2 protein chains.
Amino acid sequence: MGGEQAPVAGDGTIGKACDVLEQVAAFARPVRFAELLESSDFPKATLYRFLQTLTNQGMLSYDPDRQTYTPGLRLVRLAHAAWTQNSLAPIARPFLDALSRETGETVHLAQLDSSQVLYVDKRNAAQPVEMYSQAGKVGPAYCTGVGKAMLAYLEEAALARAVSQQSYHRFTQKTLTSEAALRADLDLIRSRGYAIDDEEHEPGIICIACPILTSGGRMLGAISVTGSTERMDFKQLETWVPRVRHVAEQIGAEAQAWRFPETRPNANTNRMQAT
Amino acid sequence: MGGEQAPVAGDGTIGKACDVLEQVAAFARPVRFAELLESSDFPKATLYRFLQTLTNQGMLSYDPDRQTYTPGLRLVRLAHAAWTQNSLAPIARPFLDALSRETGETVHLAQLDSSQVLYVDKRNAAQPVEMYSQAGKVGPAYCTGVGKAMLAYLEEAALARAVSQQSYHRFTQKTLTSEAALRADLDLIRSRGYAIDDEEHEPGIICIACPILTSGGRMLGAISVTGSTERMDFKQLETWVPRVRHVAEQIGAEAQAWRFPETRPNANTNRMQAT
DNA sequence: AACACAGTTTCATTATTTGGAACACGATGG
DNA sequence: CCATCGTGTTCCAAATAATGAAACTGTGTT
């Protein structure tokens with residue numbers, strides 16, 4: 001019986017290719033072959049061939065002048081499909097708009113991706129548009145409102161895995177830095193029905209977050225409203241809880257409705273006067 | 001009846017995996033195994049294993065209830081890296097903001113991805129936010145302003161390939177529907193320095209577009225300003241050409257500067273008060 | 001000219017992928 | 001109740017593709 005804990009990698013050639021992809025993405029800048037070779041445990045020729053193939057496929061992009069690799073634009077195309085079909089964002093969009101308008105605060109929509117928080121949409125308080133740059137961004141689960149809201153409603157098996165994979169890095173004085181502390185807070189969240197982030201990730205930043213659940217209790221994601229301690233305290237922030245919870249419920253309900261129909265309800269979601 | 005699209009076919013196992021990924025993305029909805037099997041020329045067991053592995057890797061996501069596959073959220077994460085590092089969007093952002101403010105019209109930033117137009121950013125005239133949904137979206141090159149602007153400045157080898165890969169579907173009365181017509185227009189664009197789309201893609205929609213070039217003449221992308229015939233004509237629209245061209249030049253210059261430094265100029269590009 | 005270095009290619013060996021066929025299993029339906 | 005069908009899943013010998021040490025190329029340096 002295989003009890004092997006494969007770190008992440010594993011599945012044959014494809015797994016390795018994905019690792020390489022991830023590795024290139026991890027450098028947040030164009031990378032040279034030698035750099036990759038160093039941080040990789042693939043032999044030279046093997047890594048080389050992977051890079052060739054991936055570049056060939058448009059999953060990576062190669063700059064011949066600089067001799068550097070970056071993640072390829074094909075990923076952007078594919079991600080668009082992922083975002084449209086597989087994230088809550090399209091469903092949640094009108095709700096986020098409303099919530100953002102009503103509260104005037106920053107609003108986040110997040111989902112869980114391998115024990116990390118993946119932000120799939122956002123409305124910003126100040127800036128009018130900030131777009132894409134935040135969709136796709138990741139963050140820690142154990143010290144953010146949306147992260148804890150999601151963890152709290154994970155079934156035990158998944159929770160145990162997720163909780164053990166957190167880094168518990170101390171971002172601020174108030175960061176929860178142990179599995180025990182986190183679990184205690186998750187219990188509290190469950191009984192209260194929403195999560196709070198009390199400057200656990202960034203000083204001065206507080207937030208409330210509600211999980212998005214199906215009627216069957218499956219956790220789909222979370223939404224949050226964020227404020228800064230300069231302008232407000234939890235008293236004020238928590239007045240939004242009923243509203244946020246309601247929105248989360250609406251999104252959950254719609255998500256469920258949208259997922260079921262085999263016959264896609266419609267298509268024209270986003271018509272774009274392109275040119 | 002068949003009539004399958006000939007997959008670019010290719011590189012070993014990884015190429016096949018990419019094909020599967022693309023195939024899943026192509027259905028713009030959750031897909032069942034049987035559907036994929038039908039539209040694929042992989043044998044059952046092979047396709048099955050690919051789906052397993054890709055799901056495993058988070059490149060696909062599987063809904064056990066519905067037994068359907070969709071592109072996975074991991075793609076969104078990776079695409080974020082691609083968008084940040086490999087697209088012109090981060091560099092162009094402030095310029096697009098300015099251009100959008102000044103003109104009050106829809107502004108697009110696009111790059112070329114396998115002979116297609118890939119929109120990497122956009123500012124909308126009317127709607128305040130529309131976000132992500134357009135980044136990652138693709139469109140035809142032969143009948144859009146940005147598409148033609150980019151084609152015009154491709155070197156002959158790449159141009160020949162690109163031009164032969166267009167579908168030449170007639171979207172409107174004015175769509176250019178042959179390679180010859182397109183090439184003629186490209187000559188015109190080159191001599192004029194900018195492209196126009198005269199309702200070639202959508203009735204009532206016109207636009208002007210300028211290529212983004214390096215000082216060496218390498219084509220990086222294009223930007224456009226779009227209007228509708230209801231509100232304006234080319235006389236008005238073309239008054240923006242010098243401004244658009246200037247912005248394109250600025251973006252080109254910055255892109256060039258940004259690509260060179262080996263020492264990463266900086267990191268904290270986009271800090272996100274996340275929670 | 002010799003050297004160092006980053007990137008590229010070769011090729012016999014080895015491990016992986018392949019896919020036809022058989023297997024589960026729920027849903028019909030006779 | 002058993003037969004049948006349509007899914008999706010697993011097996012395993014044969015075929016294929018991945019592997020990586022070492023040799024090579026080309027560019028820049030001493």
# chains A, B, ... in the order shown; residues from 1 in each chain; ligands from 1
>>> residues_around(residues="Pro211 in chain B", least_positions_apart="5", cutoff="7 Å", atoms="only C-alpha atoms (C1' of nucleotides)", output="PyMOL selection string")
chain B and resi 149-150+219+221-223+248
>>> write_last_selection(atoms="N, CA, C and O atoms", output="compact mmCIF listing (two decimals), in the first residue's frame")
# COMPACT_ATOMS: atom_id res chain seq x y z
N ALA B 149 -2.35 45.88 -37.03
CA ALA B 149 -1.18 46.69 -36.67
C ALA B 149 0.00 45.79 -36.35
O ALA B 149 1.14 46.08 -36.71
N MET B 150 -0.27 44.68 -35.69
CA MET B 150 0.81 43.76 -35.33
C MET B 150 1.31 43.00 -36.55
O MET B 150 2.52 42.89 -36.78
N MET B 219 8.44 43.74 -33.25
CA MET B 219 7.07 44.05 -32.89
C MET B 219 6.71 43.35 -31.58
O MET B 219 6.89 42.15 -31.44
N GLY B 221 3.64 44.33 -29.69
CA GLY B 221 2.20 44.30 -29.46
C GLY B 221 1.55 45.49 -30.13
O GLY B 221 2.11 46.05 -31.07
N ALA B 222 0.38 45.84 -29.66
CA ALA B 222 -0.31 46.99 -30.25
C ALA B 222 -1.32 47.55 -29.26
O ALA B 222 -1.76 46.87 -28.34
N ILE B 223 -1.64 48.82 -29.45
CA ILE B 223 -2.71 49.43 -28.66
C ILE B 223 -3.72 50.06 -29.60
O ILE B 223 -3.37 50.46 -30.72
N ALA B 248 2.39 54.40 -27.76
CA ALA B 248 2.97 53.13 -28.22
C ALA B 248 4.49 53.20 -28.17
O ALA B 248 5.16 52.25 -27.77
>>> calpha_fit_rmsd(fixed="chain A", moving="chain B")
3.3 Å
>>> atom_distance(atom1="CA of Arg218 in chain B", atom2="CA of His201 in chain B")
26.3 Å
>>> interface_residues(of="chain A", to="chain D", cutoff="7 Å", atoms="only C-alpha atoms (C1' of nucleotides)", output="PyMOL selection string")
chain A and resi 43+45-46
>>> select_by_dssp(residues="range 66-109 of chain A", states="alpha helix (DSSP H)", output="list of chain:residue names")
A:Leu73, A:Arg74, A:Leu75, A:Val76, A:Arg77, A:Leu78, A:Ala79, A:His80, A:Ala81, A:Ala82, A:Trp83, A:Thr84, A:Gln85, A:Asn86, A:Ala89, A:Pro90, A:Ile91, A:Ala92, A:Arg93, A:Pro94, A:Phe95, A:Leu96, A:Asp97, A:Ala98, A:Leu99, A:Ser100, A:Arg101, A:Glu102, A:Thr103
>>> decode(residues="range 5-26 of chain C", atoms="N, CA and C atoms (P, O5', C5', C4', C3', O3' and C1' of nucleotides)", output="mmCIF file, in the first residue's frame")
data_model
loop_
_atom_site.group_PDB
_atom_site.id
_atom_site.type_symbol
_atom_site.label_atom_id
_atom_site.label_comp_id
_atom_site.auth_asym_id
_atom_site.auth_seq_id
_atom_site.Cartn_x
_atom_site.Cartn_y
_atom_site.Cartn_z
ATOM 1 P P DC C 5 34.898 28.842 -15.665
ATOM 2 O "O5'" DC C 5 33.559 29.120 -16.469
ATOM 3 C "C5'" DC C 5 33.381 30.362 -17.156
ATOM 4 C "C4'" DC C 5 32.263 30.195 -18.154
ATOM 5 C "C3'" DC C 5 31.119 29.286 -17.662
ATOM 6 O "O3'" DC C 5 29.927 30.041 -17.646
ATOM 7 C "C1'" DC C 5 31.726 28.796 -19.899
ATOM 8 P P DA C 6 28.674 29.462 -16.800
ATOM 9 O "O5'" DA C 6 27.522 29.558 -17.881
ATOM 10 C "C5'" DA C 6 27.372 30.771 -18.631
ATOM 11 C "C4'" DA C 6 26.634 30.431 -19.899
ATOM 12 C "C3'" DA C 6 25.381 29.583 -19.654
ATOM 13 O "O3'" DA C 6 24.288 30.190 -20.331
ATOM 14 C "C1'" DA C 6 26.828 28.505 -21.215
ATOM 15 P P DG C 7 22.865 29.574 -20.244
ATOM 16 O "O5'" DG C 7 22.855 28.696 -21.580
ATOM 17 C "C5'" DG C 7 22.995 29.382 -22.817
ATOM 18 C "C4'" DG C 7 23.255 28.356 -23.901
ATOM 19 C "C3'" DG C 7 22.096 27.385 -24.145
ATOM 20 O "O3'" DG C 7 21.710 27.523 -25.508
ATOM 21 C "C1'" DG C 7 24.171 26.251 -24.059
ATOM 22 P P DT C 8 20.423 26.711 -26.020
ATOM 23 O "O5'" DT C 8 21.077 25.421 -26.698
ATOM 24 C "C5'" DT C 8 21.997 25.610 -27.769
ATOM 25 C "C4'" DT C 8 22.516 24.265 -28.239
ATOM 26 C "C3'" DT C 8 21.448 23.222 -28.584
ATOM 27 O "O3'" DT C 8 21.529 22.947 -29.962
ATOM 28 C "C1'" DT C 8 23.240 22.267 -27.369
ATOM 29 P P DT C 9 20.518 21.909 -30.627
ATOM 30 O "O5'" DT C 9 21.344 20.554 -30.602
ATOM 31 C "C5'" DT C 9 22.503 20.448 -31.412
ATOM 32 C "C4'" DT C 9 23.156 19.090 -31.198
ATOM 33 C "C3'" DT C 9 22.261 17.882 -31.522
ATOM 34 O "O3'" DT C 9 22.916 17.136 -32.536
ATOM 35 C "C1'" DT C 9 23.363 17.602 -29.431
ATOM 36 P P DT C 10 22.190 15.846 -33.178
ATOM 37 O "O5'" DT C 10 23.010 14.605 -32.597
ATOM 38 C "C5'" DT C 10 24.336 14.815 -32.129
ATOM 39 C "C4'" DT C 10 24.860 13.555 -31.433
ATOM 40 C "C3'" DT C 10 24.100 12.258 -31.763
ATOM 41 O "O3'" DT C 10 25.060 11.257 -32.059
ATOM 42 C "C1'" DT C 10 24.207 12.563 -29.418
ATOM 43 P P DC C 11 24.663 9.937 -32.888
ATOM 44 O "O5'" DC C 11 24.454 8.869 -31.722
ATOM 45 C "C5'" DC C 11 25.494 8.663 -30.765
ATOM 46 C "C4'" DC C 11 24.977 7.728 -29.675
ATOM 47 C "C3'" DC C 11 24.033 6.643 -30.200
ATOM 48 O "O3'" DC C 11 24.324 5.446 -29.520
ATOM 49 C "C1'" DC C 11 22.972 7.856 -28.498
ATOM 50 P P DA C 12 24.179 4.040 -30.374
ATOM 51 O "O5'" DA C 12 24.294 2.952 -29.203
ATOM 52 C "C5'" DA C 12 25.382 3.033 -28.265
ATOM 53 C "C4'" DA C 12 24.843 2.894 -26.842
ATOM 54 C "C3'" DA C 12 24.072 1.600 -26.573
ATOM 55 O "O3'" DA C 12 24.495 1.092 -25.319
ATOM 56 C "C1'" DA C 12 22.716 3.479 -26.045
ATOM 57 P P DT C 13 23.759 -0.242 -24.702
ATOM 58 O "O5'" DT C 13 22.815 0.389 -23.601
ATOM 59 C "C5'" DT C 13 23.392 1.138 -22.522
ATOM 60 C "C4'" DT C 13 22.286 1.647 -21.618
ATOM 61 C "C3'" DT C 13 21.361 0.560 -21.058
ATOM 62 O "O3'" DT C 13 21.389 0.656 -19.635
ATOM 63 C "C1'" DT C 13 20.101 2.357 -21.963
ATOM 64 P P DT C 14 20.497 -0.380 -18.792
ATOM 65 O "O5'" DT C 14 19.219 0.502 -18.486
ATOM 66 C "C5'" DT C 14 19.377 1.858 -18.065
ATOM 67 C "C4'" DT C 14 18.000 2.454 -17.902
ATOM 68 C "C3'" DT C 14 16.987 1.549 -17.199
ATOM 69 O "O3'" DT C 14 16.468 2.284 -16.128
ATOM 70 C "C1'" DT C 14 16.084 2.390 -19.224
ATOM 71 P P DA C 15 15.481 1.659 -15.070
ATOM 72 O "O5'" DA C 15 14.229 2.586 -15.318
ATOM 73 C "C5'" DA C 15 14.410 4.005 -15.394
ATOM 74 C "C4'" DA C 15 13.173 4.621 -15.994
ATOM 75 C "C3'" DA C 15 11.863 4.227 -15.318
ATOM 76 O "O3'" DA C 15 11.105 5.402 -15.197
ATOM 77 C "C1'" DA C 15 11.750 3.662 -17.604
ATOM 78 P P DT C 16 9.666 5.449 -14.522
ATOM 79 O "O5'" DT C 16 8.839 6.227 -15.634
ATOM 80 C "C5'" DT C 16 9.312 6.155 -16.970
ATOM 81 C "C4'" DT C 16 8.370 6.838 -17.924
ATOM 82 C "C3'" DT C 16 6.918 6.913 -17.478
ATOM 83 O "O3'" DT C 16 6.345 8.060 -18.056
ATOM 84 C "C1'" DT C 16 7.175 5.319 -19.267
ATOM 85 P P DT C 17 4.770 8.363 -17.903
ATOM 86 O "O5'" DT C 17 4.237 7.909 -19.334
ATOM 87 C "C5'" DT C 17 4.864 8.457 -20.486
ATOM 88 C "C4'" DT C 17 4.401 7.707 -21.717
ATOM 89 C "C3'" DT C 17 2.885 7.733 -21.937
ATOM 90 O "O3'" DT C 17 2.665 8.042 -23.295
ATOM 91 C "C1'" DT C 17 3.667 5.518 -21.998
ATOM 92 P P DT C 18 1.186 8.275 -23.846
ATOM 93 O "O5'" DT C 18 0.845 6.830 -24.398
ATOM 94 C "C5'" DT C 18 1.635 6.313 -25.446
ATOM 95 C "C4'" DT C 18 1.170 4.929 -25.821
ATOM 96 C "C3'" DT C 18 -0.338 4.798 -26.036
ATOM 97 O "O3'" DT C 18 -0.569 4.379 -27.362
ATOM 98 C "C1'" DT C 18 0.507 3.021 -24.703
ATOM 99 P P DG C 19 -1.868 4.931 -28.118
ATOM 100 O "O5'" DG C 19 -2.810 3.665 -27.974
ATOM 101 C "C5'" DG C 19 -2.374 2.435 -28.547
ATOM 102 C "C4'" DG C 19 -3.192 1.287 -27.997
ATOM 103 C "C3'" DG C 19 -4.703 1.564 -27.952
ATOM 104 O "O3'" DG C 19 -5.377 0.394 -28.346
ATOM 105 C "C1'" DG C 19 -3.982 0.924 -25.831
ATOM 106 P P DG C 20 -6.263 0.329 -29.575
ATOM 107 O "O5'" DG C 20 -6.700 -1.211 -29.605
ATOM 108 C "C5'" DG C 20 -5.715 -2.225 -29.792
ATOM 109 C "C4'" DG C 20 -6.013 -3.397 -28.880
ATOM 110 C "C3'" DG C 20 -7.483 -3.821 -28.848
ATOM 111 O "O3'" DG C 20 -7.542 -5.239 -29.039
ATOM 112 C "C1'" DG C 20 -6.709 -3.351 -26.624
ATOM 113 P P DA C 21 -8.925 -5.969 -29.046
ATOM 114 O "O5'" DA C 21 -9.103 -6.432 -27.523
ATOM 115 C "C5'" DA C 21 -8.016 -7.092 -26.853
ATOM 116 C "C4'" DA C 21 -8.360 -7.227 -25.379
ATOM 117 C "C3'" DA C 21 -9.812 -7.649 -25.107
ATOM 118 O "O3'" DA C 21 -9.833 -8.685 -24.145
ATOM 119 C "C1'" DA C 21 -9.272 -5.760 -23.836
ATOM 120 P P DA C 22 -11.172 -9.487 -23.906
ATOM 121 O "O5'" DA C 22 -11.272 -9.483 -22.310
ATOM 122 C "C5'" DA C 22 -10.081 -9.630 -21.535
ATOM 123 C "C4'" DA C 22 -10.298 -8.953 -20.199
ATOM 124 C "C3'" DA C 22 -11.630 -9.323 -19.529
ATOM 125 O "O3'" DA C 22 -11.395 -9.587 -18.167
ATOM 126 C "C1'" DA C 22 -11.403 -6.979 -19.660
ATOM 127 P P DC C 23 -12.533 -10.084 -17.274
ATOM 128 O "O5'" DC C 23 -12.801 -8.857 -16.321
ATOM 129 C "C5'" DC C 23 -11.707 -8.221 -15.678
ATOM 130 C "C4'" DC C 23 -12.192 -6.941 -15.019
ATOM 131 C "C3'" DC C 23 -13.465 -7.132 -14.194
ATOM 132 O "O3'" DC C 23 -13.167 -6.738 -12.868
ATOM 133 C "C1'" DC C 23 -13.601 -5.204 -15.568
ATOM 134 P P DA C 24 -14.156 -7.089 -11.688
ATOM 135 O "O5'" DA C 24 -15.121 -5.860 -11.703
ATOM 136 C "C5'" DA C 24 -15.305 -5.188 -10.488
ATOM 137 C "C4'" DA C 24 -15.681 -3.754 -10.772
ATOM 138 C "C3'" DA C 24 -17.048 -3.455 -10.192
ATOM 139 O "O3'" DA C 24 -16.881 -2.441 -9.226
ATOM 140 C "C1'" DA C 24 -16.850 -2.640 -12.423
ATOM 141 P P DC C 25 -17.815 -2.363 -8.011
ATOM 142 O "O5'" DC C 25 -18.986 -1.433 -8.527
ATOM 143 C "C5'" DC C 25 -18.675 -0.246 -9.270
ATOM 144 C "C4'" DC C 25 -19.922 0.233 -9.979
ATOM 145 C "C3'" DC C 25 -21.229 -0.335 -9.403
ATOM 146 O "O3'" DC C 25 -22.132 0.714 -9.237
ATOM 147 C "C1'" DC C 25 -21.215 -0.582 -11.708
ATOM 148 P P DG C 26 -23.109 0.765 -8.010
ATOM 149 O "O5'" DG C 26 -24.147 1.876 -8.485
ATOM 150 C "C5'" DG C 26 -23.657 3.084 -9.047
ATOM 151 C "C4'" DG C 26 -24.425 3.415 -10.312
ATOM 152 C "C3'" DG C 26 -25.948 3.365 -10.147
ATOM 153 O "O3'" DG C 26 -26.500 4.552 -10.681
ATOM 154 C "C1'" DG C 26 -25.281 2.044 -11.994
#
